[in-house]
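Structure file protein.tsv; described as TSV, C-alpha atoms and all ligand atoms.
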chain	number	residue	atom	x	y	z
W	1	MET	CA	0.00	0.00	0.00
W	2	GLN	CA	1.04	3.56	-0.64
W	3	PHE	CA	2.20	5.94	2.09
W	4	GLU	CA	-0.98	7.98	2.29
W	5	THR	CA	-3.15	4.87	2.48
W	6	LEU	CA	-1.08	3.48	5.35
W	7	ALA	CA	-1.26	6.84	7.12
W	8	ILE	CA	-5.05	6.74	7.07
W	9	HIS	CA	-5.81	3.07	7.60
W	10	ASP	CA	-3.04	1.07	9.12
W	11	GLY	CA	-3.01	0.47	12.84
W	12	GLN	CA	-6.31	2.37	12.89
W	13	ALA	CA	-9.11	-0.03	12.05
W	14	PRO	CA	-12.59	1.16	13.14
W	15	ASP	CA	-13.13	0.63	16.86
W	16	PRO	CA	-14.35	-3.00	17.25
W	17	GLN	CA	-16.83	-2.06	19.96
W	18	THR	CA	-18.58	0.93	18.38
W	19	GLY	CA	-17.39	1.19	14.79
W	20	SER	CA	-15.92	4.65	15.46
W	21	VAL	CA	-13.77	5.40	12.40
W	22	THR	CA	-11.25	7.35	14.41
W	23	VAL	CA	-9.31	5.62	17.15
W	24	PRO	CA	-10.97	6.60	20.45
W	25	VAL	CA	-9.05	8.67	22.97
W	26	TYR	CA	-8.64	6.13	25.76
W	27	GLN	CA	-8.31	8.76	28.46
W	28	THR	CA	-7.66	6.36	31.28
W	29	SER	CA	-4.79	5.70	33.65
W	30	THR	CA	-5.58	2.07	34.32
W	31	PHE	CA	-7.58	-0.92	33.04
W	32	GLY	CA	-9.73	-3.30	35.07
W	33	ARG	CA	-8.80	-6.99	35.02
W	34	GLU	CA	-11.21	-9.91	34.87
W	35	ALA	CA	-9.38	-11.98	37.44
W	36	LEU	CA	-6.08	-12.15	39.30
W	37	SER	CA	-4.79	-14.61	36.73
W	38	ASP	CA	-5.67	-12.19	33.91
W	39	ARG	CA	-2.69	-10.84	31.92
W	40	PRO	CA	-4.37	-8.21	29.74
W	41	GLU	CA	-2.64	-6.43	26.86
W	42	PHE	CA	-3.30	-3.08	28.56
W	43	PHE	CA	-3.11	-2.69	32.32
W	44	TYR	CA	-1.59	0.75	33.05
W	45	SER	CA	-1.28	3.68	30.63
W	46	ARG	CA	2.38	4.50	31.29
W	47	ILE	CA	3.24	1.01	30.04
W	48	GLY	CA	0.66	0.88	27.25
W	49	ASN	CA	-2.49	2.63	26.05
W	50	PRO	CA	-4.61	1.75	22.99
W	51	THR	CA	-4.55	5.28	21.54
W	52	ARG	CA	-0.79	5.42	21.94
W	53	GLN	CA	-0.45	1.96	20.46
W	54	ALA	CA	-2.37	3.05	17.34
W	55	LEU	CA	0.02	5.99	16.95
W	56	GLU	CA	3.07	3.81	17.54
W	57	SER	CA	2.12	1.24	14.93
W	58	THR	CA	1.24	3.91	12.35
W	59	LEU	CA	4.57	5.66	12.92
W	60	ALA	CA	6.43	2.37	12.51
W	61	LEU	CA	4.65	1.67	9.22
W	62	LEU	CA	5.33	5.12	7.80
W	63	GLU	CA	9.04	4.78	8.55
W	64	ASN	CA	8.96	1.24	7.17
W	65	GLY	CA	10.07	-0.06	10.55
W	66	ARG	CA	8.88	-2.85	12.79
W	67	HIS	CA	8.43	-1.00	16.09
W	68	GLY	CA	7.33	2.51	16.99
W	69	LEU	CA	7.45	4.11	20.41
W	70	ALA	CA	5.85	7.44	21.26
W	71	PHE	CA	7.22	9.92	23.79
W	72	ALA	CA	6.14	13.10	25.53
W	73	SER	CA	8.52	15.24	23.42
W	74	GLY	CA	11.15	15.01	20.73
W	75	VAL	CA	13.96	15.40	23.26
W	76	ALA	CA	12.44	12.63	25.42
W	77	ALA	CA	12.51	10.42	22.32
W	78	ALA	CA	16.13	11.39	21.62
W	79	LEU	CA	17.19	10.61	25.18
W	80	ALA	CA	15.34	7.29	24.95
W	81	ALA	CA	17.22	6.34	21.78
W	82	MET	CA	20.49	7.21	23.56
W	83	GLN	CA	19.78	4.51	26.18
W	84	VAL	CA	21.66	2.12	23.92
W	85	LEU	CA	24.74	3.79	25.50
W	86	LYS	CA	26.46	3.12	28.79
W	87	PRO	CA	29.24	4.94	30.71
W	88	GLY	CA	32.52	4.86	28.80
W	89	ASP	CA	30.84	4.83	25.40
W	90	HIS	CA	31.55	7.40	22.73
W	91	VAL	CA	29.20	9.10	20.25
W	92	VAL	CA	29.89	10.77	16.92
W	93	ALA	CA	27.27	13.41	16.12
W	94	GLY	CA	26.82	16.02	13.43
W	95	ASN	CA	28.06	19.52	14.23
W	96	ASP	CA	24.78	21.17	13.19
W	97	ILE	CA	22.31	19.09	15.21
W	98	TYR	CA	19.25	20.36	17.05
W	99	GLY	CA	20.28	22.50	20.04
W	100	GLY	CA	18.33	20.28	22.43
W	101	SER	CA	20.14	17.14	21.25
W	102	TYR	CA	23.47	18.92	21.71
W	103	ARG	CA	22.38	19.84	25.23
W	104	ILE	CA	21.59	16.19	26.01
W	105	PHE	CA	25.03	15.09	24.83
W	106	GLU	CA	26.87	17.83	26.71
W	107	GLN	CA	24.82	18.44	29.83
W	108	LEU	CA	23.15	15.09	30.49
W	109	LEU	CA	25.35	12.38	28.99
W	110	ARG	CA	28.87	13.77	29.42
W	111	PRO	CA	28.61	13.92	33.24
W	112	TRP	CA	27.51	10.25	33.12
W	113	GLY	CA	30.66	9.26	31.26
W	114	VAL	CA	29.48	9.31	27.64
W	115	SER	CA	31.57	11.59	25.44
W	116	THR	CA	30.60	13.01	22.07
W	117	THR	CA	32.71	14.17	19.13
W	118	TYR	CA	31.13	16.41	16.49
W	119	ALA	CA	31.82	15.83	12.81
W	120	GLU	CA	31.22	18.04	9.82
W	121	ASN	CA	27.74	17.12	8.57
W	122	GLU	CA	28.61	17.07	4.92
W	123	SER	CA	31.62	14.80	5.20
W	124	SER	CA	31.22	11.02	5.57
W	125	GLU	CA	35.01	10.90	5.98
W	126	ALA	CA	34.81	13.23	8.99
W	127	TYR	CA	32.39	10.85	10.67
W	128	THR	CA	34.57	7.84	9.96
W	129	ALA	CA	37.68	9.68	11.19
W	130	ALA	CA	35.94	10.57	14.47
W	131	VAL	CA	35.09	6.93	15.26
W	132	THR	CA	37.11	5.38	18.10
W	133	PRO	CA	37.07	1.83	19.51
W	134	ALA	CA	34.63	3.16	22.15
W	135	THR	CA	32.15	4.54	19.61
W	136	LYS	CA	28.72	2.92	20.05
W	137	LEU	CA	26.40	5.44	18.39
W	138	ILE	CA	26.45	7.74	15.37
W	139	TRP	CA	23.83	10.48	15.60
W	140	LEU	CA	22.77	12.10	12.34
W	141	GLU	CA	20.40	14.90	11.59
W	142	THR	CA	19.86	15.45	7.91
W	143	PRO	CA	18.95	17.98	6.63
W	144	SER	CA	20.58	19.80	9.50
W	145	ASN	CA	19.36	22.74	11.50
W	146	PRO	CA	19.63	25.59	10.52
W	147	LEU	CA	22.05	25.14	7.59
W	148	LEU	CA	20.14	22.39	5.77
W	149	GLN	CA	23.33	20.45	5.23
W	150	LEU	CA	23.00	16.79	4.33
W	151	THR	CA	24.73	13.70	5.60
W	152	ASP	CA	24.99	10.56	3.52
W	153	ILE	CA	22.88	8.14	5.58
W	154	ARG	CA	23.72	5.06	3.52
W	155	ALA	CA	27.47	5.64	3.46
W	156	ILE	CA	27.68	6.21	7.19
W	157	SER	CA	25.30	3.38	8.12
W	158	ASP	CA	27.47	1.02	6.04
W	159	VAL	CA	30.64	2.00	7.91
W	160	ALA	CA	28.83	1.87	11.28
W	161	LYS	CA	27.35	-1.57	10.63
W	162	LYS	CA	30.78	-3.07	9.89
W	163	ARG	CA	32.02	-1.82	13.25
W	164	GLY	CA	28.97	-2.74	15.31
W	165	ILE	CA	27.98	0.90	15.81
W	166	VAL	CA	24.32	1.93	15.99
W	167	THR	CA	23.23	4.67	13.58
W	168	ALA	CA	20.37	6.94	14.65
W	169	VAL	CA	18.82	9.60	12.43
W	170	ASP	CA	16.72	12.53	13.61
W	171	ASN	CA	14.25	12.65	10.71
W	172	THR	CA	12.18	15.59	11.98
W	173	PHE	CA	12.96	17.98	9.11
W	174	SER	CA	12.05	15.59	6.28
W	175	SER	CA	9.32	13.47	7.82
W	176	PRO	CA	9.00	9.88	6.56
W	177	TYR	CA	7.17	11.20	3.51
W	178	PHE	CA	10.42	12.59	2.08
W	179	GLN	CA	13.08	10.43	3.72
W	180	ARG	CA	13.11	6.90	5.14
W	181	PRO	CA	16.41	6.40	7.03
W	182	LEU	CA	15.76	2.73	7.91
W	183	ASP	CA	15.55	1.94	4.18
W	184	LEU	CA	18.98	3.57	3.81
W	185	GLY	CA	20.53	1.35	6.48
W	186	ALA	CA	20.05	3.33	9.70
W	187	ASP	CA	19.07	1.42	12.85
W	188	ILE	CA	16.95	4.01	14.65
W	189	VAL	CA	14.79	6.95	13.54
W	190	VAL	CA	13.94	9.72	15.97
W	191	HIS	CA	11.22	12.36	15.55
W	192	SER	CA	9.89	15.41	17.18
W	193	THR	CA	6.24	14.77	16.31
W	194	THR	CA	5.68	18.37	17.46
W	195	LYS	CA	6.71	19.45	13.96
W	196	TYR	CA	5.50	18.05	10.62
W	197	LEU	CA	4.01	14.79	11.90
W	198	SER	CA	1.34	16.51	13.97
W	199	GLY	CA	1.60	19.54	11.71
W	200	HIS	CA	-0.68	22.04	13.43
W	201	SER	CA	1.53	23.54	16.17
W	202	ASP	CA	-0.78	22.21	18.85
W	203	VAL	CA	1.09	19.38	20.53
W	204	ILE	CA	4.54	18.46	21.92
W	205	GLY	CA	5.58	14.88	21.18
W	206	GLY	CA	8.31	12.55	20.03
W	207	ALA	CA	8.87	9.11	18.56
W	208	VAL	CA	11.47	6.40	18.03
W	209	VAL	CA	11.19	3.77	15.30
W	210	THR	CA	13.43	0.76	14.78
W	211	SER	CA	13.30	-2.69	13.20
W	212	ASP	CA	15.99	-4.09	15.50
W	213	GLU	CA	14.45	-6.28	18.21
W	214	GLN	CA	17.31	-5.79	20.66
W	215	LEU	CA	17.32	-1.99	20.34
W	216	HIS	CA	13.53	-1.88	20.56
W	217	LYS	CA	13.62	-3.89	23.77
W	218	ILE	CA	16.07	-1.49	25.42
W	219	ILE	CA	14.17	1.63	24.35
W	220	LYS	CA	10.73	0.23	25.17
W	221	ASN	CA	11.91	-0.82	28.61
W	222	TYR	CA	13.25	2.69	29.13
W	223	GLN	CA	9.95	4.21	27.94
W	224	GLY	CA	8.03	2.41	30.65
W	225	ALA	CA	10.71	2.85	33.32
W	226	ALA	CA	11.44	6.57	32.77
W	227	GLY	CA	7.83	7.36	31.93
W	228	ALA	CA	8.10	10.26	29.49
W	229	VAL	CA	5.01	9.05	27.63
W	230	PRO	CA	2.51	11.20	25.72
W	231	ALA	CA	-1.07	11.63	26.92
W	232	PRO	CA	-3.75	9.76	24.93
W	233	TRP	CA	-5.20	13.03	23.67
W	234	ASP	CA	-1.81	14.15	22.35
W	235	CYS	CA	-1.39	10.77	20.62
W	236	TRP	CA	-4.76	11.30	18.96
W	237	LEU	CA	-3.72	14.74	17.71
W	238	VAL	CA	-0.57	13.31	16.13
W	239	LEU	CA	-2.59	10.47	14.58
W	240	ARG	CA	-4.92	13.02	13.04
W	241	GLY	CA	-1.97	15.00	11.71
W	242	LEU	CA	-0.43	11.92	10.10
W	243	LYS	CA	-3.49	11.36	7.93
W	244	THR	CA	-2.75	14.53	5.97
W	245	LEU	CA	1.05	14.31	6.10
W	246	LYS	CA	1.48	13.60	2.40
W	247	ILE	CA	-0.62	16.49	1.11
W	248	ARG	CA	0.85	18.87	3.67
W	249	MET	CA	4.46	17.92	2.86
W	250	LYS	CA	3.87	18.32	-0.87
W	251	GLU	CA	2.43	21.78	-0.34
W	252	HIS	CA	5.13	22.86	2.16
W	253	GLU	CA	7.72	21.77	-0.37
W	254	ALA	CA	6.17	23.44	-3.40
W	255	SER	CA	5.97	26.78	-1.60
W	256	ALA	CA	9.46	26.44	-0.09
W	257	LEU	CA	10.98	25.71	-3.49
W	258	HIS	CA	9.14	28.66	-5.03
W	259	LEU	CA	10.34	31.05	-2.31
W	260	ALA	CA	13.89	29.65	-2.26
W	261	THR	CA	14.20	30.19	-6.02
W	262	LEU	CA	12.88	33.71	-5.72
W	263	LEU	CA	15.00	34.69	-2.71
W	264	GLU	CA	18.14	33.37	-4.36
W	265	LYS	CA	17.83	36.16	-6.92
W	266	HIS	CA	17.00	38.90	-4.42
W	267	PRO	CA	19.70	41.61	-4.03
W	268	ALA	CA	19.34	41.71	-0.21
W	269	VAL	CA	20.04	37.97	0.08
W	270	GLU	CA	23.61	36.67	0.27
W	271	ARG	CA	22.75	32.99	0.15
W	272	VAL	CA	19.82	30.58	0.31
W	273	PHE	CA	20.18	27.19	1.97
W	274	TYR	CA	17.63	24.76	0.54
W	275	PRO	CA	18.43	21.19	-0.62
W	276	GLY	CA	15.99	21.48	-3.52
W	277	LEU	CA	18.01	24.23	-5.23
W	278	SER	CA	20.49	23.07	-7.82
W	279	SER	CA	22.93	25.55	-6.22
W	280	HIS	CA	22.85	23.54	-2.97
W	281	PRO	CA	26.27	21.86	-2.74
W	282	GLN	CA	24.64	18.51	-1.97
W	283	HIS	CA	21.67	18.71	-4.31
W	284	GLY	CA	22.78	15.41	-5.88
W	285	LEU	CA	22.76	13.59	-2.55
W	286	ALA	CA	19.41	15.21	-1.73
W	287	LYS	CA	17.91	13.72	-4.90
W	288	GLU	CA	19.38	10.32	-4.01
W	289	GLN	CA	18.35	9.90	-0.40
W	290	MET	CA	15.24	12.10	-0.21
W	291	SER	CA	12.10	11.93	-2.31
W	292	GLY	CA	11.43	15.63	-1.69
W	293	PHE	CA	13.21	18.56	-0.08
W	294	GLY	CA	10.87	19.72	2.66
W	295	GLY	CA	9.48	23.00	3.81
W	296	MET	CA	12.42	24.50	5.71
W	297	LEU	CA	14.75	27.05	4.24
W	298	THR	CA	17.40	29.33	5.67
W	299	ILE	CA	18.65	32.55	4.16
W	300	ALA	CA	21.78	34.60	4.88
W	301	LEU	CA	21.15	38.32	4.54
W	302	LYS	CA	23.73	40.79	3.25
W	303	GLY	CA	23.10	43.38	5.96
W	304	GLY	CA	24.00	41.26	9.03
W	305	LEU	CA	21.92	41.35	12.21
W	306	PRO	CA	20.30	44.75	11.45
W	307	ALA	CA	18.91	43.31	8.21
W	308	VAL	CA	17.63	40.28	10.12
W	309	GLU	CA	15.92	42.55	12.64
W	310	LYS	CA	14.36	44.58	9.83
W	311	LEU	CA	13.02	41.53	8.03
W	312	ILE	CA	11.59	40.03	11.21
W	313	ALA	CA	9.93	43.30	12.16
W	314	GLY	CA	8.61	43.80	8.63
W	315	VAL	CA	6.86	40.50	7.93
W	316	LYS	CA	3.13	40.38	8.60
W	317	LEU	CA	2.24	36.74	7.90
W	318	PHE	CA	5.34	34.98	9.21
W	319	VAL	CA	5.10	34.57	12.98
W	320	LEU	CA	8.30	35.13	14.94
W	321	ALA	CA	8.51	31.86	16.86
W	322	ASP	CA	10.56	28.78	17.65
W	323	SER	CA	9.45	25.45	16.20
W	324	LEU	CA	8.53	24.51	12.62
W	325	GLY	CA	6.41	22.23	10.50
W	326	GLY	CA	2.99	23.70	11.25
W	327	VAL	CA	0.34	25.12	8.94
W	328	GLU	CA	1.41	28.69	9.71
W	329	SER	CA	4.69	30.08	8.41
W	330	LEU	CA	7.27	30.89	11.06
W	331	ILE	CA	10.39	33.04	11.02
W	332	ALA	CA	13.33	32.74	13.41
W	333	SER	CA	16.84	33.96	14.02
W	334	PRO	CA	18.92	30.85	14.76
W	335	ALA	CA	21.67	32.92	16.43
W	336	LYS	CA	19.26	34.71	18.75
W	337	MET	CA	16.64	32.01	19.25
W	338	THR	CA	17.11	28.30	18.60
W	339	LEU	CA	20.89	28.40	19.15
W	340	GLY	CA	20.86	31.46	21.40
W	341	ALA	CA	21.94	29.40	24.43
W	342	LEU	CA	25.24	28.39	22.80
W	343	THR	CA	28.40	30.44	23.29
W	344	PRO	CA	29.44	32.62	20.31
W	345	GLU	CA	32.35	30.18	19.86
W	346	GLU	CA	30.02	27.17	19.67
W	347	ARG	CA	27.83	29.00	17.17
W	348	ARG	CA	30.83	29.93	15.05
W	349	ARG	CA	32.00	26.31	14.99
W	350	ARG	CA	28.56	25.33	13.71
W	351	GLY	CA	28.58	27.99	11.00
W	352	CYS	CA	25.63	29.76	12.60
W	353	THR	CA	26.21	33.41	11.75
W	354	ASP	CA	24.14	36.37	12.96
W	355	ASN	CA	22.82	37.10	9.45
W	356	LEU	CA	20.83	33.85	9.18
W	357	VAL	CA	17.06	33.73	9.07
W	358	ARG	CA	15.25	30.41	9.25
W	359	LEU	CA	11.85	30.09	7.60
W	360	SER	CA	9.33	27.34	8.17
W	361	ILE	CA	7.08	27.60	5.15
W	362	GLY	CA	3.47	26.95	6.09
W	363	LEU	CA	0.36	26.21	4.08
W	364	GLU	CA	-0.71	29.76	3.27
W	365	SER	CA	-0.81	30.81	-0.38
W	366	ALA	CA	2.75	30.93	-1.75
W	367	ALA	CA	1.83	34.20	-3.50
W	368	ASP	CA	0.86	35.79	-0.19
W	369	LEU	CA	4.07	34.58	1.45
W	370	GLU	CA	6.08	35.95	-1.47
W	371	THR	CA	4.39	39.36	-1.19
W	372	ASP	CA	5.01	39.42	2.55
W	373	LEU	CA	8.72	38.57	2.29
W	374	LEU	CA	9.34	40.98	-0.58
W	375	GLN	CA	7.68	43.94	1.13
W	376	ALA	CA	9.65	43.22	4.33
W	377	LEU	CA	12.96	42.91	2.45
W	378	GLU	CA	12.35	46.12	0.56
W	379	GLY	CA	10.43	48.08	3.21
W	401	LIG	C1	12.08	20.34	17.76
W	401	LIG	C2	13.13	19.34	17.43
W	401	LIG	C3	13.54	18.39	18.39
W	401	LIG	C4	13.00	18.36	19.79
W	401	LIG	O1	11.64	18.13	19.84
W	401	LIG	P1	10.66	18.64	21.00
W	401	LIG	O2	9.38	18.06	20.59
W	401	LIG	O3	10.72	20.13	21.02
W	401	LIG	O4	11.19	18.07	22.29
W	401	LIG	C5	14.49	17.47	17.99
W	401	LIG	N1	15.04	17.49	16.75
W	401	LIG	C6	14.68	18.40	15.84
W	401	LIG	C7	15.31	18.38	14.50
W	401	LIG	C8	13.72	19.36	16.14
W	401	LIG	O5	13.39	20.28	15.23
Go ahead and express the file in the form of structure tokens.
Amino acid sequence: MQFETLAIHDGQAPDPQTGSVTVPVYQTSTFGREALSDRPEFFYSRIGNPTRQALESTLALLENGRHGLAFASGVAAALAAMQVLKPGDHVVAGNDIYGGSYRIFEQLLRPWGVSTTYAENESSEAYTAAVTPATKLIWLETPSNPLLQLTDIRAISDVAKKRGIVTAVDNTFSSPYFQRPLDLGADIVVHSTTKYLSGHSDVIGGAVVTSDEQLHKIIKNYQGAAGAVPAPWDCWLVLRGLKTLKIRMKEHEASALHLATLLEKHPAVERVFYPGLSSHPQHGLAKEQMSGFGGMLTIALKGGLPAVEKLIAGVKLFVLADSLGGVESLIASPAKMTLGALTPEERRRRGCTDNLVRLSIGLESAADLETDLLQALEG
């Protein structure tokens, strides 16, 4: 079955009791048992809940994986995936990963004896060179945030597999509609379902998908033990979002490509970062490992921070906000917002300059978004 059919039907058969075509919100903490000897499938909602289970199996299918696990946030999902590590282990991660994942590696894992080396996103060789005998996990985020750099998932997974290293990919920016890391050889996919998967900026959530039984066992055990699980209602919201993922992603992409092409020619713009542009240094890799280029684009403005401030103050449709992947277009300054907590040195190492503006292209009319950006750039 095709992606959009799976998103609507699989794991979500009509409720056997009532015929309800949407999975009911099982808003319950616990489940009554028939007898002391009873071992029901569901007995306590931290361990398992039918609404969450429907979401977990749909997520697994969309990523072409065997097992899905849902979490209370994207960072909770990331930390859960990192439970494959123990003290003394080493991680190789991309140098342009989500700020919250960087914070987990540096502030949560390092004090517990897990060290992380950061490699240049675009270079498979840099990842390989950073591997040590203690390396147990390679953490990729592609396209990266905010520079939309790509990492070759297949090349790195191949190297990792030969050395018994687990490869995890944060697939939040692409969504499974445009990129399926497990098909490219990765072991684990991580999502912030807060973004495209739910798609309406109304929920915080995360997910982990894997086909590896051993890894699934570790992460599932952690899910129940640590307890960062999503509420049934939040699971339902993500499930609803997934049903329209395909049409939303196609529209996000079409508008992003239109605006990226236009902005690239604008005299106030120094550079546009968007994998769908033929000027993107890794456009070839993008066409190979992605089936579409997504709705995120970053621009570097010629006028530095003052130009960024002017653009942000001038737009009327774009909302100045963190996050991405919702129906409404958002604008952000990576240096001042998403990566604002890093030291200037850390930002410099990541190539995050003050003149960057990150745009999450929503589902408004592309013509209206174009008008808005142009008036703000010229205003
Ligand atoms: C937002 C985001 C996260 C973290 O997700 P939360 O739901 O905010 O916890 C992780 N990775 C990427 C790429 C993100 O954009």
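For the choices W:Ser157, W:Asn64, W:Thr172, W:Thr117, the atom-to-atom distance to ligand LIG 401 (chain W) is smallest for W:Thr172 when using all atoms listed in the file.
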Checklist line | Residue nearest ligand LIG 401 (chain W) among W:Lys195, W:Arg103, W:Arg358, W:Arg163 (counting only C-alpha atoms and all ligand atoms) | finding: W:Lys195
Notebook entry, point to check: Which protein, DNA or RNA residues have an atom within 7 Å of ligand LIG 401 (chain W), counting only C-alpha atoms and all ligand atoms, as a PyMOL selection string?
Noted result: chain W and resi 73-76+98+100-101+141+145+170-173+191-195+204-206+323-324
Margin query: I'd like the contact shell of Gly185 (chain W) - 9 Å cut-off, all atoms listed in the file, skipping same-chain residues fewer than 4 positions apart - returned as a list in words.
Written below: Ile153, Arg154, Ala155, Ile156, Ser157, Asp158, Lys161, Thr167 and Pro181 of chain W
For the residues in the current selection, export C-alpha atoms as a tab-separated table (two decimals), in the frame of the given file.
chain	number	residue	atom	x	y	z
W	153	ILE	CA	22.88	8.14	5.58
W	154	ARG	CA	23.72	5.06	3.52
W	155	ALA	CA	27.47	5.64	3.46
W	156	ILE	CA	27.68	6.21	7.19
W	157	SER	CA	25.30	3.38	8.12
W	158	ASP	CA	27.47	1.02	6.04
W	161	LYS	CA	27.35	-1.57	10.63
W	167	THR	CA	23.23	4.67	13.58
W	181	PRO	CA	16.41	6.40	7.03
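Within 6 Å of the point (27.2, 0.6, 18.6), counting only C-alpha atoms, the protein and nucleic acid residues come to Lys136, Leu137, Gly164, Ile165 and Val166 of chain W.
For the pair CA of Leu301 (chain W) and CA of Glu270 (chain W), the separation is 5.2 Å.
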Next item on the list: Do a neighbour search on Leu109 (chain W) at 12 Å with only C-alpha atoms, toss out local chain neighbours closer than 3 positions, and write the hits as a list in words.
Entry: Ala78, Leu79, Ala80, Met82, Gln83, Leu85, Lys86, Pro87, Gly88, Asp89, His90, Val91, Ser101, Tyr102, Arg103, Ile104, Phe105, Glu106, Trp112, Gly113, Val114, Ser115 and Thr116 of chain W
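Closest approach to His200 (chain W) from the set W:Leu239, W:Ala313, W:Val169, W:Met296 is made by W:Leu239, with distances taken over only C-alpha atoms.
In this comparison, which uses only C-alpha atoms, the residue of W:Gly294, W:Pro344, W:Pro40, W:Gly65 approaching Ala186 (chain W) most closely is W:Gly65.
Between CA of Val189 (chain W) and CA of Ala134 (chain W) there is a distance of 22.0 Å.
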Note to self: Can you pull out the residues contacting Pro230 (chain W)? Cut-off 8 Å, using only C-alpha atoms, and skip same-chain residues under 3 positions away; I want them as a PyMOL selection string.
What the structure shows: chain W and resi 52+70-73+205+234-235
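For Thr353 (chain W), the non-local neighbours within 10 Å, defined as residues at least 2 positions apart in the same chain or in other chains and counting all atoms listed in the file, are Ala300, Gly304, Leu305, Ser333, Pro334, Ala335, Lys336, Pro344, Arg347, Arg348, Arg349, Arg350, Gly351, Asn355, Leu356 and Val357 of chain W.
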Next item on the list: Would you mind listing what lies within 10 Å of Ala81 (chain W) as a VMD selection string, with all atoms listed in the file counted and same-chain residues fewer than 3 positions away left out?
Entry: chain W and resid 75 to 78 84 to 85 137 139 168 188 to 190 207 to 210 215 to 216 218 to 220 222 to 223
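Residue nearest Arg271 (chain W), chosen from W:Lys162, W:Lys302, W:Lys243, W:Arg66 and counting all atoms listed in the file: W:Lys302.
Using only C-alpha atoms, the nearest neighbour of Ser291 (chain W) within the list W:Gln2, W:Thr18, W:Ser37, W:Ser175 is W:Ser175.
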Rebuild region 357-371 of chain W to N, CA and C atoms - output it as a short mmCIF file (atom, residue, chain, number, x, y, z; two decimals), keeping the file's coordinate frame, please.
data_model
loop_
_atom_site.label_atom_id
_atom_site.label_comp_id
_atom_site.auth_asym_id
_atom_site.auth_seq_id
_atom_site.Cartn_x
_atom_site.Cartn_y
_atom_site.Cartn_z
N VAL W 357 18.48 33.72 8.75
CA VAL W 357 17.06 33.73 9.07
C VAL W 357 16.51 32.37 8.66
N ARG W 358 15.83 31.71 9.58
CA ARG W 358 15.25 30.41 9.25
C ARG W 358 13.75 30.56 9.03
N LEU W 359 13.28 29.99 7.93
CA LEU W 359 11.85 30.09 7.60
C LEU W 359 11.23 28.69 7.58
N SER W 360 10.13 28.54 8.29
CA SER W 360 9.33 27.34 8.17
C SER W 360 8.14 27.73 7.30
N ILE W 361 8.11 27.18 6.10
CA ILE W 361 7.08 27.60 5.15
C ILE W 361 5.79 26.83 5.42
N GLY W 362 4.75 27.56 5.73
CA GLY W 362 3.47 26.95 6.09
C GLY W 362 2.59 26.69 4.88
N LEU W 363 1.30 26.60 5.13
CA LEU W 363 0.36 26.21 4.08
C LEU W 363 -0.46 27.39 3.56
N GLU W 364 -0.03 28.61 3.86
CA GLU W 364 -0.71 29.76 3.27
C GLU W 364 -0.41 29.78 1.76
N SER W 365 -1.08 30.68 1.05
CA SER W 365 -0.81 30.81 -0.38
C SER W 365 0.65 31.25 -0.58
N ALA W 366 1.35 30.58 -1.49
CA ALA W 366 2.75 30.93 -1.75
C ALA W 366 2.85 32.37 -2.25
N ALA W 367 1.83 32.82 -2.99
CA ALA W 367 1.83 34.20 -3.50
C ALA W 367 1.77 35.20 -2.35
N ASP W 368 0.95 34.90 -1.35
CA ASP W 368 0.86 35.79 -0.19
C ASP W 368 2.17 35.81 0.59
N LEU W 369 2.79 34.65 0.72
CA LEU W 369 4.07 34.58 1.45
C LEU W 369 5.14 35.37 0.70
N GLU W 370 5.12 35.22 -0.62
CA GLU W 370 6.08 35.95 -1.47
C GLU W 370 5.91 37.46 -1.27
N THR W 371 4.67 37.93 -1.37
CA THR W 371 4.39 39.36 -1.19
C THR W 371 4.89 39.83 0.17
#
